[in-house]
>>> print(open('run01.txt').read())   # compact mmCIF, N, CA and C atoms
# COMPACT_ATOMS: atom_id res chain seq x y z
N MET A 27 233.20 59.34 -37.72
CA MET A 27 232.71 60.69 -37.46
C MET A 27 231.28 60.62 -36.93
N ASN A 28 231.02 61.34 -35.89
CA ASN A 28 229.69 61.41 -35.30
C ASN A 28 228.84 62.37 -36.13
N ASN A 29 227.78 61.86 -36.74
CA ASN A 29 226.91 62.68 -37.58
C ASN A 29 225.76 63.32 -36.82
N GLU A 30 225.71 63.08 -35.53
CA GLU A 30 224.62 63.58 -34.70
C GLU A 30 224.74 65.10 -34.54
N ILE A 31 223.62 65.77 -34.69
CA ILE A 31 223.57 67.22 -34.44
C ILE A 31 222.74 67.40 -33.18
N ASN A 32 223.40 67.77 -32.10
CA ASN A 32 222.71 67.93 -30.82
C ASN A 32 222.62 69.37 -30.37
N THR A 33 223.56 70.21 -30.80
CA THR A 33 223.58 71.60 -30.37
C THR A 33 223.70 72.51 -31.60
N TRP A 34 223.50 73.79 -31.38
CA TRP A 34 223.69 74.76 -32.45
C TRP A 34 225.16 74.80 -32.86
N GLU A 35 226.05 74.53 -31.93
CA GLU A 35 227.47 74.47 -32.28
C GLU A 35 227.72 73.33 -33.27
N ASP A 36 227.10 72.17 -33.04
CA ASP A 36 227.23 71.05 -33.98
C ASP A 36 226.75 71.47 -35.38
N LEU A 37 225.64 72.17 -35.42
CA LEU A 37 225.10 72.65 -36.70
C LEU A 37 226.10 73.58 -37.38
N SER A 38 226.69 74.49 -36.62
CA SER A 38 227.62 75.46 -37.20
C SER A 38 228.92 74.81 -37.67
N ARG A 39 229.27 73.69 -37.08
CA ARG A 39 230.46 72.96 -37.53
C ARG A 39 230.18 72.15 -38.78
N ARG A 40 228.95 71.73 -38.95
CA ARG A 40 228.56 70.89 -40.08
C ARG A 40 228.30 71.72 -41.34
N TYR A 41 227.73 72.91 -41.17
CA TYR A 41 227.31 73.72 -42.32
C TYR A 41 228.00 75.08 -42.28
N SER A 42 228.28 75.59 -43.47
CA SER A 42 228.88 76.90 -43.58
C SER A 42 227.81 77.96 -43.30
N LEU A 43 228.06 78.77 -42.27
CA LEU A 43 227.13 79.83 -41.88
C LEU A 43 227.84 81.18 -41.96
N VAL A 44 227.14 82.18 -42.45
CA VAL A 44 227.68 83.53 -42.51
C VAL A 44 226.66 84.45 -41.85
N LEU A 45 227.10 85.14 -40.79
CA LEU A 45 226.22 86.09 -40.11
C LEU A 45 225.78 87.16 -41.09
N PHE A 46 224.49 87.40 -41.15
CA PHE A 46 223.93 88.25 -42.18
C PHE A 46 222.79 89.06 -41.60
N ASN A 47 223.05 89.76 -40.49
CA ASN A 47 221.99 90.48 -39.79
C ASN A 47 221.37 91.61 -40.60
N ASN A 48 222.08 92.14 -41.56
CA ASN A 48 221.52 93.22 -42.38
C ASN A 48 220.59 92.70 -43.47
N ALA A 49 220.42 91.40 -43.54
CA ALA A 49 219.56 90.81 -44.58
C ALA A 49 218.15 91.38 -44.53
N VAL A 50 217.67 91.65 -43.36
CA VAL A 50 216.28 92.13 -43.25
C VAL A 50 216.11 93.53 -43.81
N ASN A 51 217.20 94.26 -43.98
CA ASN A 51 217.11 95.63 -44.49
C ASN A 51 217.17 95.72 -46.01
N ILE A 52 217.55 94.63 -46.67
CA ILE A 52 217.70 94.64 -48.12
C ILE A 52 216.33 94.71 -48.79
N GLU A 53 216.26 95.51 -49.84
CA GLU A 53 215.02 95.64 -50.63
C GLU A 53 213.82 95.98 -49.73
N ASP A 54 214.02 96.94 -48.85
CA ASP A 54 212.94 97.41 -47.96
C ASP A 54 212.31 96.29 -47.14
N GLY A 55 213.14 95.40 -46.62
CA GLY A 55 212.65 94.34 -45.75
C GLY A 55 212.11 93.12 -46.46
N ALA A 56 212.47 92.94 -47.73
CA ALA A 56 211.94 91.82 -48.51
C ALA A 56 212.27 90.47 -47.89
N VAL A 57 213.46 90.35 -47.30
CA VAL A 57 213.86 89.07 -46.70
C VAL A 57 212.99 88.75 -45.49
N GLN A 58 212.71 89.74 -44.68
CA GLN A 58 211.84 89.51 -43.53
C GLN A 58 210.44 89.14 -43.98
N ILE A 59 209.97 89.71 -45.05
CA ILE A 59 208.66 89.36 -45.60
C ILE A 59 208.67 87.92 -46.09
N GLU A 60 209.76 87.51 -46.76
CA GLU A 60 209.88 86.13 -47.21
C GLU A 60 209.87 85.17 -46.02
N TRP A 61 210.56 85.55 -44.95
CA TRP A 61 210.56 84.73 -43.73
C TRP A 61 209.14 84.61 -43.18
N MET A 62 208.44 85.72 -43.08
CA MET A 62 207.09 85.69 -42.52
C MET A 62 206.15 84.83 -43.38
N GLU A 63 206.35 84.83 -44.68
CA GLU A 63 205.50 84.03 -45.56
C GLU A 63 205.79 82.53 -45.45
N SER A 64 207.00 82.17 -45.09
CA SER A 64 207.35 80.75 -44.99
C SER A 64 207.33 80.24 -43.55
N HIS A 65 207.35 81.14 -42.60
CA HIS A 65 207.46 80.78 -41.18
C HIS A 65 206.20 80.10 -40.66
N ASN A 66 206.41 79.09 -39.85
CA ASN A 66 205.31 78.44 -39.15
C ASN A 66 205.80 78.12 -37.75
N CYS A 67 204.95 78.30 -36.77
CA CYS A 67 205.32 78.02 -35.39
C CYS A 67 204.07 77.56 -34.64
N GLU A 68 204.27 77.11 -33.44
CA GLU A 68 203.13 76.63 -32.64
C GLU A 68 202.12 77.74 -32.38
N GLY A 69 202.59 78.96 -32.20
CA GLY A 69 201.68 80.09 -31.99
C GLY A 69 200.78 80.33 -33.19
N LEU A 70 201.35 80.23 -34.40
CA LEU A 70 200.55 80.40 -35.62
C LEU A 70 199.58 79.25 -35.80
N GLU A 71 200.03 78.03 -35.47
CA GLU A 71 199.13 76.88 -35.56
C GLU A 71 197.96 77.02 -34.58
N ALA A 72 198.25 77.52 -33.39
CA ALA A 72 197.19 77.76 -32.41
C ALA A 72 196.23 78.83 -32.92
N GLN A 73 196.78 79.90 -33.49
CA GLN A 73 195.95 80.97 -34.04
C GLN A 73 195.02 80.44 -35.13
N GLU A 74 195.57 79.65 -36.02
CA GLU A 74 194.78 79.08 -37.12
C GLU A 74 193.65 78.21 -36.59
N HIS A 75 193.96 77.38 -35.59
CA HIS A 75 192.93 76.51 -35.03
C HIS A 75 191.81 77.34 -34.41
N VAL A 76 192.19 78.31 -33.58
CA VAL A 76 191.18 79.12 -32.87
C VAL A 76 190.32 79.90 -33.87
N GLU A 77 190.95 80.48 -34.90
CA GLU A 77 190.20 81.28 -35.87
C GLU A 77 189.28 80.44 -36.74
N ASP A 78 189.69 79.20 -37.03
CA ASP A 78 188.91 78.35 -37.94
C ASP A 78 187.95 77.41 -37.23
N CYS A 79 188.05 77.31 -35.93
CA CYS A 79 187.25 76.34 -35.18
C CYS A 79 185.78 76.77 -35.14
N GLU A 80 184.92 75.83 -35.44
CA GLU A 80 183.49 76.11 -35.42
C GLU A 80 182.79 75.41 -34.26
N ALA A 81 183.55 74.69 -33.45
CA ALA A 81 182.96 73.97 -32.32
C ALA A 81 182.49 74.96 -31.26
N GLU A 82 181.39 74.62 -30.63
CA GLU A 82 180.80 75.49 -29.60
C GLU A 82 181.71 75.58 -28.37
N ASP A 83 182.19 74.45 -27.92
CA ASP A 83 183.03 74.42 -26.71
C ASP A 83 184.21 73.48 -27.00
N CYS A 84 185.29 74.05 -27.52
CA CYS A 84 186.42 73.25 -27.99
C CYS A 84 187.53 73.23 -26.94
N ALA A 85 187.90 72.05 -26.49
CA ALA A 85 188.96 71.90 -25.49
C ALA A 85 190.31 72.36 -26.05
N THR A 86 190.53 72.10 -27.33
CA THR A 86 191.79 72.52 -27.95
C THR A 86 191.89 74.04 -27.99
N CYS A 87 190.79 74.71 -28.31
CA CYS A 87 190.78 76.18 -28.30
C CYS A 87 191.08 76.71 -26.89
N ARG A 88 190.47 76.11 -25.90
CA ARG A 88 190.73 76.53 -24.51
C ARG A 88 192.20 76.34 -24.16
N ASP A 89 192.77 75.19 -24.56
CA ASP A 89 194.18 74.93 -24.28
C ASP A 89 195.08 75.96 -24.96
N HIS A 90 194.79 76.24 -26.23
CA HIS A 90 195.60 77.22 -26.96
C HIS A 90 195.50 78.60 -26.33
N LYS A 91 194.30 79.00 -25.94
CA LYS A 91 194.13 80.33 -25.33
C LYS A 91 194.80 80.40 -23.97
N GLU A 92 194.80 79.29 -23.25
CA GLU A 92 195.47 79.26 -21.95
C GLU A 92 196.98 79.41 -22.15
N GLU A 93 197.50 78.76 -23.17
CA GLU A 93 198.95 78.81 -23.39
C GLU A 93 199.40 80.09 -24.09
N TYR A 94 198.63 80.59 -25.07
CA TYR A 94 199.07 81.71 -25.90
C TYR A 94 198.28 83.00 -25.69
N GLY A 95 197.28 82.98 -24.83
CA GLY A 95 196.46 84.17 -24.61
C GLY A 95 195.17 84.11 -25.42
N GLU A 96 194.33 85.06 -25.20
CA GLU A 96 193.01 85.08 -25.83
C GLU A 96 193.09 85.06 -27.36
N TYR A 97 194.11 85.72 -27.90
CA TYR A 97 194.29 85.79 -29.35
C TYR A 97 195.67 85.23 -29.70
N PRO A 98 195.77 83.90 -29.85
CA PRO A 98 197.06 83.29 -30.14
C PRO A 98 197.66 83.81 -31.44
N GLY A 99 198.98 83.80 -31.49
CA GLY A 99 199.69 84.22 -32.70
C GLY A 99 201.18 84.02 -32.52
N CYS A 100 201.91 84.39 -33.51
CA CYS A 100 203.35 84.22 -33.51
C CYS A 100 204.00 85.27 -32.60
N ALA A 101 204.84 84.80 -31.71
CA ALA A 101 205.61 85.69 -30.85
C ALA A 101 207.11 85.50 -31.09
N CYS A 102 207.45 84.87 -32.21
CA CYS A 102 208.85 84.60 -32.52
C CYS A 102 209.59 85.89 -32.81
N GLU A 103 210.79 85.99 -32.28
CA GLU A 103 211.63 87.15 -32.53
C GLU A 103 212.99 86.64 -33.01
N VAL A 104 213.36 87.07 -34.20
CA VAL A 104 214.65 86.67 -34.75
C VAL A 104 215.72 87.61 -34.20
N PHE A 105 216.74 87.02 -33.58
CA PHE A 105 217.84 87.81 -33.03
C PHE A 105 219.04 87.87 -33.97
N GLN A 106 219.20 86.85 -34.80
CA GLN A 106 220.28 86.83 -35.77
C GLN A 106 219.81 86.13 -37.03
N TRP A 107 220.41 86.52 -38.15
CA TRP A 107 220.12 85.93 -39.44
C TRP A 107 221.44 85.41 -40.01
N TYR A 108 221.43 84.18 -40.51
CA TYR A 108 222.62 83.59 -41.11
C TYR A 108 222.29 83.09 -42.50
N ALA A 109 223.21 83.33 -43.44
CA ALA A 109 223.17 82.63 -44.71
C ALA A 109 223.73 81.25 -44.42
N ILE A 110 223.07 80.22 -44.91
CA ILE A 110 223.51 78.84 -44.67
C ILE A 110 223.64 78.13 -46.02
N ASP A 111 224.76 77.47 -46.19
CA ASP A 111 225.06 76.79 -47.45
C ASP A 111 224.48 75.37 -47.41
N VAL A 112 223.23 75.25 -47.86
CA VAL A 112 222.55 73.96 -47.94
C VAL A 112 221.76 73.90 -49.24
N SER A 113 221.51 72.69 -49.69
CA SER A 113 220.63 72.49 -50.85
C SER A 113 219.18 72.60 -50.38
N ASP A 114 218.28 72.67 -51.33
CA ASP A 114 216.85 72.70 -50.98
C ASP A 114 216.46 71.46 -50.20
N SER A 115 216.93 70.29 -50.66
CA SER A 115 216.55 69.04 -49.98
C SER A 115 217.16 68.96 -48.58
N GLU A 116 218.36 69.46 -48.41
CA GLU A 116 219.00 69.45 -47.08
C GLU A 116 218.27 70.42 -46.13
N ALA A 117 217.88 71.58 -46.63
CA ALA A 117 217.12 72.53 -45.81
C ALA A 117 215.80 71.90 -45.38
N GLU A 118 215.14 71.23 -46.31
CA GLU A 118 213.87 70.57 -45.99
C GLU A 118 214.08 69.48 -44.93
N ARG A 119 215.14 68.69 -45.10
CA ARG A 119 215.43 67.62 -44.14
C ARG A 119 215.74 68.20 -42.75
N LEU A 120 216.53 69.24 -42.70
CA LEU A 120 216.87 69.85 -41.41
C LEU A 120 215.63 70.43 -40.73
N ASN A 121 214.79 71.12 -41.49
CA ASN A 121 213.56 71.67 -40.92
C ASN A 121 212.62 70.58 -40.43
N LYS A 122 212.58 69.47 -41.16
CA LYS A 122 211.70 68.36 -40.80
C LYS A 122 212.18 67.66 -39.53
N ASN A 123 213.49 67.49 -39.40
CA ASN A 123 214.04 66.72 -38.29
C ASN A 123 214.38 67.53 -37.04
N TYR A 124 214.58 68.82 -37.20
CA TYR A 124 214.96 69.68 -36.08
C TYR A 124 214.04 70.90 -36.05
N THR A 125 214.02 71.57 -34.93
CA THR A 125 213.20 72.77 -34.81
C THR A 125 213.95 73.96 -35.41
N LEU A 126 214.16 73.88 -36.71
CA LEU A 126 214.81 74.95 -37.46
C LEU A 126 213.80 75.58 -38.40
N ASP A 127 214.14 76.73 -38.93
CA ASP A 127 213.23 77.49 -39.76
C ASP A 127 213.96 78.03 -40.99
N ILE A 128 214.79 77.17 -41.60
CA ILE A 128 215.56 77.58 -42.77
C ILE A 128 214.59 77.84 -43.92
N PHE A 129 214.81 78.96 -44.61
CA PHE A 129 213.97 79.27 -45.76
C PHE A 129 214.84 79.77 -46.91
N TYR A 130 214.29 79.69 -48.11
CA TYR A 130 215.00 80.18 -49.28
C TYR A 130 214.54 81.59 -49.57
N SER A 131 215.51 82.49 -49.72
CA SER A 131 215.21 83.88 -50.05
C SER A 131 215.42 84.09 -51.54
N ASP A 132 214.34 84.38 -52.26
CA ASP A 132 214.46 84.73 -53.68
C ASP A 132 215.21 86.05 -53.84
N THR A 133 215.04 86.94 -52.89
CA THR A 133 215.71 88.24 -52.95
C THR A 133 217.22 88.08 -52.92
N LEU A 134 217.71 87.19 -52.06
CA LEU A 134 219.15 87.00 -51.90
C LEU A 134 219.69 85.81 -52.69
N ASP A 135 218.79 84.97 -53.21
CA ASP A 135 219.15 83.77 -53.94
C ASP A 135 220.02 82.84 -53.08
N MET A 136 219.57 82.64 -51.84
CA MET A 136 220.27 81.75 -50.91
C MET A 136 219.34 81.37 -49.77
N HIS A 137 219.75 80.33 -49.03
CA HIS A 137 219.00 79.91 -47.85
C HIS A 137 219.40 80.76 -46.65
N ILE A 138 218.42 81.04 -45.82
CA ILE A 138 218.64 81.87 -44.62
C ILE A 138 218.18 81.08 -43.40
N LEU A 139 218.97 81.17 -42.34
CA LEU A 139 218.66 80.52 -41.07
C LEU A 139 218.40 81.60 -40.02
N PRO A 140 217.15 81.79 -39.60
CA PRO A 140 216.88 82.71 -38.51
C PRO A 140 217.19 82.04 -37.16
N VAL A 141 217.73 82.82 -36.24
CA VAL A 141 218.09 82.30 -34.92
C VAL A 141 217.22 83.02 -33.88
N TYR A 142 216.51 82.22 -33.09
CA TYR A 142 215.55 82.76 -32.13
C TYR A 142 216.06 82.83 -30.70
N HIS A 143 217.24 82.30 -30.44
CA HIS A 143 217.80 82.40 -29.08
C HIS A 143 218.84 83.52 -29.06
N PHE A 144 219.08 84.05 -27.87
CA PHE A 144 219.91 85.24 -27.78
C PHE A 144 220.86 85.14 -26.58
N GLY A 145 222.12 85.44 -26.83
CA GLY A 145 223.08 85.63 -25.76
C GLY A 145 223.61 84.38 -25.10
N THR A 146 223.42 83.23 -25.68
CA THR A 146 223.90 81.98 -25.10
C THR A 146 224.91 81.37 -26.05
N ALA A 147 226.00 80.84 -25.49
CA ALA A 147 226.98 80.15 -26.33
C ALA A 147 226.29 79.00 -27.05
N TRP A 148 226.58 78.81 -28.32
CA TRP A 148 225.90 77.80 -29.10
C TRP A 148 226.19 76.40 -28.60
N SER A 149 227.30 76.22 -27.91
CA SER A 149 227.60 74.90 -27.38
C SER A 149 226.62 74.52 -26.27
N GLY A 150 225.97 75.51 -25.68
CA GLY A 150 225.02 75.27 -24.60
C GLY A 150 223.56 75.29 -25.02
N VAL A 151 223.31 75.47 -26.31
CA VAL A 151 221.92 75.54 -26.79
C VAL A 151 221.63 74.27 -27.57
N SER A 152 220.77 73.42 -27.00
CA SER A 152 220.45 72.17 -27.68
C SER A 152 219.61 72.45 -28.91
N LEU A 153 219.75 71.58 -29.87
CA LEU A 153 218.98 71.67 -31.10
C LEU A 153 217.90 70.60 -30.99
N SER A 154 216.68 71.04 -30.75
CA SER A 154 215.58 70.12 -30.50
C SER A 154 215.20 69.35 -31.75
N LYS A 155 214.97 68.09 -31.56
CA LYS A 155 214.49 67.25 -32.66
C LYS A 155 212.98 67.29 -32.67
N ARG A 156 212.42 67.28 -33.88
CA ARG A 156 210.97 67.21 -34.01
C ARG A 156 210.53 65.79 -33.74
N ILE A 157 209.39 65.67 -33.15
CA ILE A 157 208.85 64.35 -32.81
C ILE A 157 208.04 63.83 -33.97
>>> encode(input="run01.txt", output="structure tokens")
Amino acid sequence: MNNEINTWEDLSRRYSLVLFNNAVNIEDGAVQIEWMESHNCEGLEAQEHVEDCEAEDCATCRDHKEEYGEYPGCACEVFQWYAIDVSDSEAERLNKNYTLDIFYSDTLDMHILPVYHFGTAWSGVSLSKRI
């Protein structure tokens, strides 16, 4: 059996996923708040660097502002939410090895997988590996 996960389709075949788009509406948006508290992305990392940088003329700040605008920040938009049947250690491993954002929701007592791509068959969406 090929254990390689190359596409979102591979991920969906390996793990039990349940579409759960109404998750963000439960408990007045508690799940979305949990996502925001655990979420990290390049835009947020750029924002943190720019806000915390004390250098007079920082090349990294210039690069971040060129890529993300004058005030870098998160521009991630979740298009779908899935409950995913994984252990804590498996969620951690998947997040570490792939560009995934699986988080544990205390509100729902389960792991949630936010999906940031929209309208493309999962067989055609590669699952990027972290470097």
>>> closest_atom_pairs(input="run01.txt", of="segment 89-122 of chain A", to="segment 35-43 of chain A", cutoff="8 Å", atoms="all atoms listed in the file", output="tab-separated table")
residue	atom	partner	partner_atom	distance
A:Trp107	C	A:Leu43	C	7.9
A:Tyr108	CA	A:Leu43	C	5.8
A:Ala109	C	A:Leu43	CA	4.5
A:Ile110	CA	A:Ser42	C	4.6
A:Asp111	N	A:Ser42	C	4.2
A:Val112	N	A:Ser42	N	6.7
>>> closest_residue(input="run01.txt", among="A:Asn32, A:Asn51, A:Asn66, A:Gln73", to="Ser154 of chain A", atoms="all atoms listed in the file")
A:Asn32
>>> select_by_dssp(input="run01.txt", residues="chain A", states="helix (DSSP H, G or I)", output="count of residues only")
58
>>> axis_aligned_box(input="run01.txt", around="segment 63-79 of chain A", padding_each_side="5 Å", output="lines of an AutoDock Vina configuration file")
center_x = 196.6
center_y = 80.6
center_z = -38.8
size_x = 31.7
size_y = 18.5
size_z = 23.6
>>> atom_distance(input="run01.txt", atom1="atom CA of His143 of chain A", atom2="atom N of Glu53 of chain A")
24.6 Å
>>> closest_residue(input="run01.txt", among="A:Pro140, A:Asp135, A:Thr146, A:Pro98", to="Glu71 of chain A", atoms="only N, CA and C atoms")
A:Pro98
>>> atom_distance(input="run01.txt", atom1="atom C of Val50 of chain A", atom2="atom N of Met62 of chain A")
11.0 Å
>>> atom_distance(input="run01.txt", atom1="atom CA of Ser152 of chain A", atom2="atom CA of Leu120 of chain A")
14.4 Å
>>> residues_around(input="run01.txt", residues="Ser64 of chain A", least_positions_apart="3", cutoff="8 Å", atoms="only C-alpha atoms", output="MDAnalysis selection string")
chainID A and resid 60:61 129
>>> select_by_dssp(input="run01.txt", residues="segment 38-132 of chain A", states="strand (DSSP E or B)", output="ChimeraX atom specification")
/A:43-45,106-110,124,129-131
>>> write_last_selection(input="run01.txt", atoms="N, CA and C atoms", output="mmCIF file, keeping the file's coordinate frame")
data_model
loop_
_atom_site.group_PDB
_atom_site.id
_atom_site.type_symbol
_atom_site.label_atom_id
_atom_site.label_comp_id
_atom_site.auth_asym_id
_atom_site.auth_seq_id
_atom_site.Cartn_x
_atom_site.Cartn_y
_atom_site.Cartn_z
ATOM 1 N N LEU A 43 228.060 78.770 -42.270
ATOM 2 C CA LEU A 43 227.130 79.830 -41.880
ATOM 3 C C LEU A 43 227.840 81.180 -41.960
ATOM 4 N N VAL A 44 227.140 82.180 -42.450
ATOM 5 C CA VAL A 44 227.680 83.530 -42.510
ATOM 6 C C VAL A 44 226.660 84.450 -41.850
ATOM 7 N N LEU A 45 227.100 85.140 -40.790
ATOM 8 C CA LEU A 45 226.220 86.090 -40.110
ATOM 9 C C LEU A 45 225.780 87.160 -41.090
ATOM 10 N N GLN A 106 219.200 86.850 -34.800
ATOM 11 C CA GLN A 106 220.280 86.830 -35.770
ATOM 12 C C GLN A 106 219.810 86.130 -37.030
ATOM 13 N N TRP A 107 220.410 86.520 -38.150
ATOM 14 C CA TRP A 107 220.120 85.930 -39.440
ATOM 15 C C TRP A 107 221.440 85.410 -40.010
ATOM 16 N N TYR A 108 221.430 84.180 -40.510
ATOM 17 C CA TYR A 108 222.620 83.590 -41.110
ATOM 18 C C TYR A 108 222.290 83.090 -42.500
ATOM 19 N N ALA A 109 223.210 83.330 -43.440
ATOM 20 C CA ALA A 109 223.170 82.630 -44.710
ATOM 21 C C ALA A 109 223.730 81.250 -44.420
ATOM 22 N N ILE A 110 223.070 80.220 -44.910
ATOM 23 C CA ILE A 110 223.510 78.840 -44.670
ATOM 24 C C ILE A 110 223.640 78.130 -46.020
ATOM 25 N N TYR A 124 214.580 68.820 -37.200
ATOM 26 C CA TYR A 124 214.960 69.680 -36.080
ATOM 27 C C TYR A 124 214.040 70.900 -36.050
ATOM 28 N N PHE A 129 214.810 78.960 -44.610
ATOM 29 C CA PHE A 129 213.970 79.270 -45.760
ATOM 30 C C PHE A 129 214.840 79.770 -46.910
ATOM 31 N N TYR A 130 214.290 79.690 -48.110
ATOM 32 C CA TYR A 130 215.000 80.180 -49.280
ATOM 33 C C TYR A 130 214.540 81.590 -49.570
ATOM 34 N N SER A 131 215.510 82.490 -49.720
ATOM 35 C CA SER A 131 215.210 83.880 -50.050
ATOM 36 C C SER A 131 215.420 84.090 -51.540
#
>>> closest_residue(input="run01.txt", among="A:Leu45, A:Ala85, A:Val57, A:Leu134", to="Gln106 of chain A", atoms="only C-alpha atoms")
A:Leu45
>>> closest_residue(input="run01.txt", among="A:Gln58, A:Met136, A:Lys155, A:Glu82", to="Arg119 of chain A", atoms="only C-alpha atoms")
A:Lys155
>>> closest_residue(input="run01.txt", among="A:Ile31, A:Val141, A:Ala49, A:Val44", to="Glu103 of chain A", atoms="only N, CA and C atoms")
A:Val141
>>> closest_residue(input="run01.txt", among="A:Ala101, A:Val151, A:Cys67, A:Val76", to="Asn121 of chain A", atoms="only C-alpha atoms")
A:Cys67
